[in-house]
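Below is target_36.cif, holding mmCIF, C-alpha atoms.
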data_protein
loop_
_atom_site.label_atom_id
_atom_site.label_comp_id
_atom_site.auth_asym_id
_atom_site.auth_seq_id
_atom_site.Cartn_x
_atom_site.Cartn_y
_atom_site.Cartn_z
CA MET A 1 0.00 0.00 0.00
CA VAL A 2 1.30 3.44 -0.95
CA GLY A 3 -0.08 6.62 0.60
CA LEU A 4 0.33 10.19 -0.66
CA ILE A 5 -0.24 12.73 2.10
CA ALA A 6 0.18 16.40 2.91
CA LEU A 7 2.08 16.45 6.19
CA PRO A 8 1.91 19.58 8.39
CA GLY A 9 5.43 20.89 8.84
CA SER A 10 6.54 19.75 5.37
CA ASP A 11 6.53 22.00 2.30
CA LEU A 12 6.51 18.91 0.06
CA PRO A 13 4.03 16.08 -0.44
CA VAL A 14 5.01 12.92 1.39
CA VAL A 15 4.78 9.39 -0.02
CA TYR A 16 4.66 6.68 2.63
CA ALA A 17 5.29 3.08 1.61
CA VAL A 18 7.04 1.20 4.41
CA SER A 19 6.52 -2.57 4.48
CA ALA A 20 8.26 -5.05 6.74
CA ALA A 21 6.60 -8.11 5.20
CA ALA A 22 6.61 -7.27 1.48
CA ALA A 23 9.56 -4.97 0.81
CA GLU A 24 10.31 -6.21 -2.71
CA GLN A 25 6.66 -6.04 -3.77
CA THR A 26 6.45 -2.51 -2.37
CA LEU A 27 9.52 -1.43 -4.35
CA ALA A 28 7.99 -2.91 -7.49
CA LEU A 29 4.75 -1.03 -6.85
CA LEU A 30 6.64 2.25 -6.36
CA ALA A 31 8.49 1.70 -9.63
CA ASP A 32 5.16 1.14 -11.39
CA LEU A 33 3.67 4.28 -9.83
CA ALA A 34 6.70 6.50 -10.50
CA VAL A 35 5.13 8.12 -13.58
CA ASP A 36 2.19 9.29 -11.45
CA LEU A 37 4.00 10.61 -8.37
CA PRO A 38 4.60 14.35 -7.80
CA PRO A 39 7.70 15.84 -9.44
CA HIS A 40 9.21 16.82 -6.08
CA LEU A 41 8.49 14.87 -2.91
CA ILE A 42 9.65 13.31 0.33
CA ILE A 43 9.40 9.52 0.31
CA THR A 44 9.64 6.83 2.96
CA GLY A 45 9.91 3.25 1.80
CA PRO A 46 11.90 -0.01 1.86
CA ASP A 47 15.68 0.03 1.62
CA GLY A 48 16.76 0.48 -1.99
CA LEU A 49 13.95 2.81 -3.04
CA THR A 50 16.24 5.51 -4.47
CA ASP A 51 18.02 2.92 -6.61
CA ARG A 52 14.71 1.47 -7.77
CA LEU A 53 13.37 4.92 -8.76
CA ALA A 54 16.64 6.17 -10.29
CA ASN A 55 15.19 6.11 -13.83
CA ALA A 56 12.51 8.62 -12.85
CA TYR A 57 14.01 10.61 -9.96
CA HIS A 58 17.30 11.76 -8.51
CA ALA A 59 17.74 12.13 -4.76
CA THR A 60 18.88 15.43 -3.22
CA TRP A 61 19.42 13.49 0.00
CA SER A 62 18.60 10.06 1.38
CA GLY A 63 19.25 8.17 4.56
CA PRO A 64 18.71 4.76 6.12
CA HIS A 65 16.49 4.79 9.20
CA VAL A 66 14.92 2.33 11.62
CA LYS A 67 11.50 2.30 13.20
CA MET A 68 11.40 1.47 16.91
CA HIS A 69 8.58 0.96 19.36
CA LEU A 70 8.27 0.89 23.14
CA ALA A 71 8.15 -2.85 23.81
CA ARG A 72 9.39 -2.83 27.43
CA PRO A 73 7.69 0.08 29.23
CA ALA A 74 8.76 -1.35 32.60
CA MET A 75 12.27 -0.08 31.77
CA LEU A 76 11.08 3.54 31.79
CA PRO A 77 12.23 5.69 34.71
CA ALA A 78 9.55 7.49 36.66
CA ALA A 79 8.21 10.77 35.33
CA ASP A 80 10.54 13.63 36.27
CA PRO A 81 8.90 16.43 38.31
CA ASP A 82 11.27 18.98 36.77
CA VAL A 83 9.98 18.18 33.25
CA HIS A 84 6.90 20.22 32.45
CA VAL A 85 4.29 20.25 29.70
CA LEU A 86 4.91 22.84 26.98
CA THR A 87 2.06 24.95 25.60
CA ALA A 88 1.63 27.56 22.90
CA ALA A 89 3.12 30.06 25.34
CA ASP A 90 6.42 28.17 25.06
CA LEU A 91 6.63 28.36 21.26
CA ASP A 92 9.41 30.95 21.19
CA ARG A 93 11.48 28.98 23.71
CA LEU A 94 11.04 25.77 21.74
CA GLU A 95 11.94 27.37 18.42
CA THR A 96 15.06 28.87 20.03
CA LEU A 97 16.04 25.36 21.13
CA PHE A 98 15.44 23.98 17.62
CA ALA A 99 17.56 26.79 16.16
CA ALA A 100 20.49 25.56 18.28
CA ASP A 101 19.81 21.93 17.27
CA PRO A 102 18.42 22.35 13.72
CA HIS A 103 17.69 18.74 12.71
CA SER A 104 15.50 18.23 15.77
CA GLY A 105 12.79 20.60 14.52
CA VAL A 106 11.95 18.66 11.34
CA TYR A 107 8.18 18.46 10.66
CA PHE A 108 7.38 20.60 13.69
CA HIS A 109 4.52 23.05 13.48
CA ALA A 110 3.07 25.24 16.22
CA GLY A 111 -0.25 23.38 16.30
CA LEU A 112 1.46 20.31 17.76
CA LEU A 113 1.81 22.15 21.07
CA ASP A 114 -1.96 21.97 21.43
CA SER A 115 -1.71 18.18 21.71
CA GLY A 116 -0.50 18.37 25.30
CA TYR A 117 2.32 15.96 24.46
CA TYR A 118 5.30 18.29 24.27
CA VAL A 119 7.48 18.40 27.36
CA GLY A 120 10.67 20.20 28.27
CA ILE A 121 13.14 20.98 31.00
CA GLY A 122 14.53 24.47 31.42
CA GLN A 123 17.16 26.61 33.02
CA GLY A 124 15.82 30.07 33.70
CA ALA A 125 13.96 31.28 30.61
CA ASP A 126 15.69 28.80 28.29
CA LEU A 127 14.84 25.22 27.39
CA MET A 128 17.71 22.78 27.79
CA ALA A 129 15.87 19.78 26.31
CA ALA A 130 12.45 18.91 24.93
CA ALA A 131 10.54 16.08 23.27
CA GLY A 132 7.17 15.83 21.58
CA VAL A 133 5.15 13.98 18.98
CA HIS A 134 4.57 14.02 15.26
CA LEU A 135 1.12 12.54 15.81
CA VAL A 136 -1.17 11.06 18.44
CA ASP A 137 -4.32 9.11 17.63
CA ARG A 138 -6.14 8.08 20.78
CA ARG A 139 -8.86 6.33 18.80
CA CYS A 140 -6.30 4.03 17.19
CA GLY A 141 -4.12 4.00 20.32
CA VAL A 142 -0.89 5.06 18.61
CA ALA A 143 1.65 7.86 18.95
CA ALA A 144 4.85 8.77 17.09
CA ILE A 145 7.52 10.59 19.09
CA GLY A 146 9.38 13.39 17.34
CA ASN A 147 11.29 16.65 17.75
CA VAL A 148 13.56 15.30 20.49
CA SER A 149 16.13 17.98 21.17
CA THR A 150 18.92 18.80 23.61
CA HIS A 151 20.76 22.11 23.46
CA PRO A 152 24.41 21.50 22.43
CA GLY A 153 25.57 23.26 25.59
CA HIS A 154 23.68 20.85 27.85
CA ARG A 155 24.40 17.44 26.32
CA ARG A 156 25.68 14.33 28.14
CA ARG A 157 23.73 15.24 31.26
CA GLY A 158 20.88 12.76 30.85
CA LEU A 159 18.36 15.43 29.88
CA ALA A 160 17.04 13.63 26.79
CA ARG A 161 16.43 10.52 28.90
CA ARG A 162 14.48 12.56 31.45
CA VAL A 163 12.21 14.31 28.92
CA LEU A 164 11.63 11.12 26.92
CA ALA A 165 10.77 9.04 29.97
CA THR A 166 8.32 11.69 31.16
CA LEU A 167 6.75 12.00 27.71
CA CYS A 168 6.35 8.22 27.38
CA ARG A 169 4.78 7.97 30.82
CA ARG A 170 2.32 10.67 29.79
CA LEU A 171 1.51 8.95 26.48
CA LEU A 172 1.01 5.53 28.07
CA GLY A 173 -2.07 6.86 29.80
CA ASP A 174 -3.70 7.45 26.41
CA VAL A 175 -2.20 5.08 23.80
CA ASP A 176 -1.02 1.48 23.60
CA LEU A 177 1.68 1.81 20.93
CA ILE A 178 4.49 4.39 21.03
CA GLY A 179 6.88 4.50 18.08
CA LEU A 180 9.70 6.65 16.74
CA ASN A 181 12.10 6.87 13.80
CA VAL A 182 15.86 7.35 14.01
CA LEU A 183 18.79 7.35 11.61
CA ARG A 184 20.30 3.88 11.44
CA ASP A 185 23.83 5.13 12.17
CA ASN A 186 22.80 7.37 15.09
CA HIS A 187 24.13 4.86 17.58
CA ALA A 188 23.96 7.22 20.57
CA ALA A 189 20.25 7.92 20.05
CA ARG A 190 19.47 4.25 19.43
CA ALA A 191 21.27 3.29 22.64
CA LEU A 192 19.25 5.92 24.51
CA TYR A 193 15.97 4.57 23.15
CA GLU A 194 16.94 0.96 23.81
CA GLY A 195 17.79 1.89 27.39
CA LEU A 196 14.22 3.19 27.77
CA GLY A 197 12.68 -0.03 26.46
CA PHE A 198 12.40 0.59 22.71
CA VAL A 199 13.20 -2.16 20.22
CA THR A 200 13.79 -2.03 16.46
CA LEU A 201 10.93 -3.10 14.20
CA VAL A 202 12.13 -2.48 10.64
CA GLY A 203 14.70 -0.62 8.57
CA TYR A 204 13.67 1.79 5.82
CA GLU A 205 14.94 4.57 3.58
CA GLU A 206 13.82 8.18 3.52
CA ALA A 207 14.71 10.59 0.71
CA GLU A 208 13.86 13.81 -1.08
CA LEU A 209 13.36 13.10 -4.77
CA ILE A 210 13.15 15.40 -7.79
CA THR A 211 11.85 14.12 -11.09
CA SER A 212 14.07 13.39 -14.06
CA ARG A 213 11.03 13.33 -16.35
CA PRO A 214 10.62 15.87 -19.17
CA ALA A 215 8.80 19.05 -18.15
CA ASP A 216 5.93 18.28 -20.54
CA HIS A 217 5.33 14.79 -19.08
CA VAL A 218 1.66 14.02 -18.45
CA PRO A 219 0.84 11.34 -15.86
CA ARG A 220 -0.86 8.31 -17.34
CA ARG A 221 -3.43 8.28 -14.54
CA GLY A 222 -4.26 10.16 -11.39
CA LEU A 223 -2.82 8.97 -8.09
CA GLY A 224 -5.38 8.81 -5.31
CA ALA A 225 -4.68 9.14 -1.62
CA GLU A 226 -3.85 5.47 -1.26
CA ARG A 227 -3.01 2.52 -3.48
#
Can you give me the file's structure in the form of structure tokens?
Amino acid sequence: MVGLIALPGSDLPVVYAVSAAAAEQTLALLADLAVDLPPHLIITGPDGLTDRLANAYHATWSGPHVKMHLARPAMLPAADPDVHVLTAADLDRLETLFAADPHSGVYFHAGLLDSGYYVGIGQGADLMAAAGVHLVDRRCGVAAIGNVSTHPGHRRRGLARRVLATLCRRLLGDVDLIGLNVLRDNHAARALYEGLGFVTLVGYEEAELITSRPADHVPRRGLGAER
């Protein structure tokens, strides 16, 4: 199944096609759909997707990632009383933190603070570390952690562990499945997550693709929201 979505926080359409059980079939489907996909997009799919789509697209960047989920919640430390919930009033402080740690703010938009699932720990008026979510669906019982950030001047003090543990404890009251994505070679982050009870589910590739098709190309058919 391939989904084409507009994701808040992204200026580009996003194609989502991760499959743990049918990676090769998913790659074949993406190759078949390549003539119908947007000319410029972000894509998440099985390992090897940029190679499989090389005839139609070139990648401006790509990276191998893994999906993890909280399988052993008993490993979580207790919620930290010094970690507090962030609200819209904390937007400037959070954006200042993301400016010091640029990759951590990917796909963030201000509306996510209304979820009640952004937490942080501060020193004076400044945030030293924060963590939040890309999405929460209580009806389906799932949440995806995102925008985990520690200010470069406050690293190696256990702050990320404290905010993540508190966030997970908060989420566990409302959802059954907590997941996250991380770069495959980010060994420090993966060790942190594993120490909190997360385990790896599947590897995948994420990339930004730009079409190699002629400018006057006309798609052979329309691509719906899901195929």
Quick one: pull the distance between CA of Asp82 in chain A and CA of Leu94 in chain A, Å, one decimal. 16.5 Å
Which residues, protein or nucleic acid, reach to within 8 Å of (13.2, 12.0, 0.7) in the file's coordinates when using all atoms listed in the file, and can you give that as a PDB file with C-alpha atoms, in the frame of the given file?
ATOM      1  CA  LEU A  41       8.490  14.870  -2.910  1.00  0.00           C
ATOM      2  CA  ILE A  42       9.650  13.310   0.330  1.00  0.00           C
ATOM      3  CA  ILE A  43       9.400   9.520   0.310  1.00  0.00           C
ATOM      4  CA  THR A  44       9.640   6.830   2.960  1.00  0.00           C
ATOM      5  CA  ALA A  59      17.740  12.130  -4.760  1.00  0.00           C
ATOM      6  CA  THR A  60      18.880  15.430  -3.220  1.00  0.00           C
ATOM      7  CA  TRP A  61      19.420  13.490   0.000  1.00  0.00           C
ATOM      8  CA  SER A  62      18.600  10.060   1.380  1.00  0.00           C
ATOM      9  CA  GLU A 206      13.820   8.180   3.520  1.00  0.00           C
ATOM     10  CA  ALA A 207      14.710  10.590   0.710  1.00  0.00           C
ATOM     11  CA  GLU A 208      13.860  13.810  -1.080  1.00  0.00           C
ATOM     12  CA  LEU A 209      13.360  13.100  -4.770  1.00  0.00           C
TER      13      LEU A 209
END
Contact check, range 41-65 of chain A to range 177-184 of chain A, at most 9 Å, counting all atoms listed in the file, closest pairs as a Markdown table:
| residue | atom | partner | partner_atom | distance |
| --- | --- | --- | --- | --- |
| A:Gly63 | CA | A:Leu183 | CA | 7.1 |
| A:Pro64 | CA | A:Arg184 | CA | 5.6 |
| A:His65 | CA | A:Leu183 | CA | 4.2 |
Once you have the residues from the selection above, write them out as a JSON list (two decimals), in the coordinates of the input, restricted to C-alpha atoms.
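In the end it all went to again-v1.json:
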[["chain", "number", "residue", "atom", "x", "y", "z"],
["A", 63, "GLY", "CA", 19.25, 8.17, 4.56],
["A", 64, "PRO", "CA", 18.71, 4.76, 6.12],
["A", 65, "HIS", "CA", 16.49, 4.79, 9.20]]
Counting all atoms listed in the file, which of A:Val119, A:Leu135, A:Ala100, A:Ala130 gets nearest to Leu7 in chain A?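 Looking only at the distances to Leu7 in chain A, the closest residue turns out to be A:Leu135.
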Computed interatomic separation between CA of Glu95 in chain A and CA of His109 in chain A (Å):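 CA of His109 in chain A lies 9.9 Å from CA of Glu95 in chain A.
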Which neighbours of range 67-80 of chain A fall inside 10 Å, counting only C-alpha atoms, when residues of the same chain fewer than 5 positions from it are skipped, and could you give them as JSON, numbers by chain? {"A": [18, 121, 143, 144, 145, 161, 162, 163, 164, 165, 166, 167, 168, 169, 170, 172, 176, 177, 178, 179, 180, 181, 182, 183, 184, 190, 193, 194, 195, 196, 197, 198, 199, 200, 201, 202, 203, 204]}
What residues have an atom no more than 8 Å from (6.2, 27.5, 19.7) in the file's own frame, counting only C-alpha atoms, and can you write them as a PyMOL selection string? chain A and resi 87-95+109-110+113
Export C-alpha atoms of the chosen residues as a short mmCIF file (atom, residue, chain, number, x, y, z; two decimals), in the frame of the given file?
data_model
loop_
_atom_site.label_atom_id
_atom_site.label_comp_id
_atom_site.auth_asym_id
_atom_site.auth_seq_id
_atom_site.Cartn_x
_atom_site.Cartn_y
_atom_site.Cartn_z
CA THR A 87 2.06 24.95 25.60
CA ALA A 88 1.63 27.56 22.90
CA ALA A 89 3.12 30.06 25.34
CA ASP A 90 6.42 28.17 25.06
CA LEU A 91 6.63 28.36 21.26
CA ASP A 92 9.41 30.95 21.19
CA ARG A 93 11.48 28.98 23.71
CA LEU A 94 11.04 25.77 21.74
CA GLU A 95 11.94 27.37 18.42
CA HIS A 109 4.52 23.05 13.48
CA ALA A 110 3.07 25.24 16.22
CA LEU A 113 1.81 22.15 21.07
#
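Here CA of Leu97 in chain A is placed at a distance of 21.4 Å from CA of Asp11 in chain A.
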Please evaluate the PyMOL selection byres ((chain A and resi 154) around 12) against the displayed coordinates and give the resulting residues as a PyMOL selection string. chain A and resi 97+100-101+121-123+126-130+149-153+155-160
Emit the selected residues as an mmCIF file, in the coordinates of the input, including C-alpha atoms.
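What follows is the written file result-v6.cif:
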data_model
loop_
_atom_site.group_PDB
_atom_site.id
_atom_site.type_symbol
_atom_site.label_atom_id
_atom_site.label_comp_id
_atom_site.auth_asym_id
_atom_site.auth_seq_id
_atom_site.Cartn_x
_atom_site.Cartn_y
_atom_site.Cartn_z
ATOM 1 C CA LEU A 97 16.040 25.360 21.130
ATOM 2 C CA ALA A 100 20.490 25.560 18.280
ATOM 3 C CA ASP A 101 19.810 21.930 17.270
ATOM 4 C CA ILE A 121 13.140 20.980 31.000
ATOM 5 C CA GLY A 122 14.530 24.470 31.420
ATOM 6 C CA GLN A 123 17.160 26.610 33.020
ATOM 7 C CA ASP A 126 15.690 28.800 28.290
ATOM 8 C CA LEU A 127 14.840 25.220 27.390
ATOM 9 C CA MET A 128 17.710 22.780 27.790
ATOM 10 C CA ALA A 129 15.870 19.780 26.310
ATOM 11 C CA ALA A 130 12.450 18.910 24.930
ATOM 12 C CA SER A 149 16.130 17.980 21.170
ATOM 13 C CA THR A 150 18.920 18.800 23.610
ATOM 14 C CA HIS A 151 20.760 22.110 23.460
ATOM 15 C CA PRO A 152 24.410 21.500 22.430
ATOM 16 C CA GLY A 153 25.570 23.260 25.590
ATOM 17 C CA ARG A 155 24.400 17.440 26.320
ATOM 18 C CA ARG A 156 25.680 14.330 28.140
ATOM 19 C CA ARG A 157 23.730 15.240 31.260
ATOM 20 C CA GLY A 158 20.880 12.760 30.850
ATOM 21 C CA LEU A 159 18.360 15.430 29.880
ATOM 22 C CA ALA A 160 17.040 13.630 26.790
#
Given the PyMOL selection byres ((chain A and resi 138) around 10) and the file above, list the residues it selects as a PyMOL selection string. chain A and resi 135-137+139-143+171+173-176
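Take the candidates A:Val133, A:Asn186, A:Met1, A:Arg52 and check each one against Ala20 in chain A using only C-alpha atoms; the shortest distance goes to A:Met1.
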For a quick check of understanding, using all atoms listed in the file, which of A:Ala28, A:Ala99, A:Leu86, A:Ile5 has the smallest distance to Ala131 in chain A?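 Among the listed residues, A:Leu86 lies closest to Ala131 in chain A.
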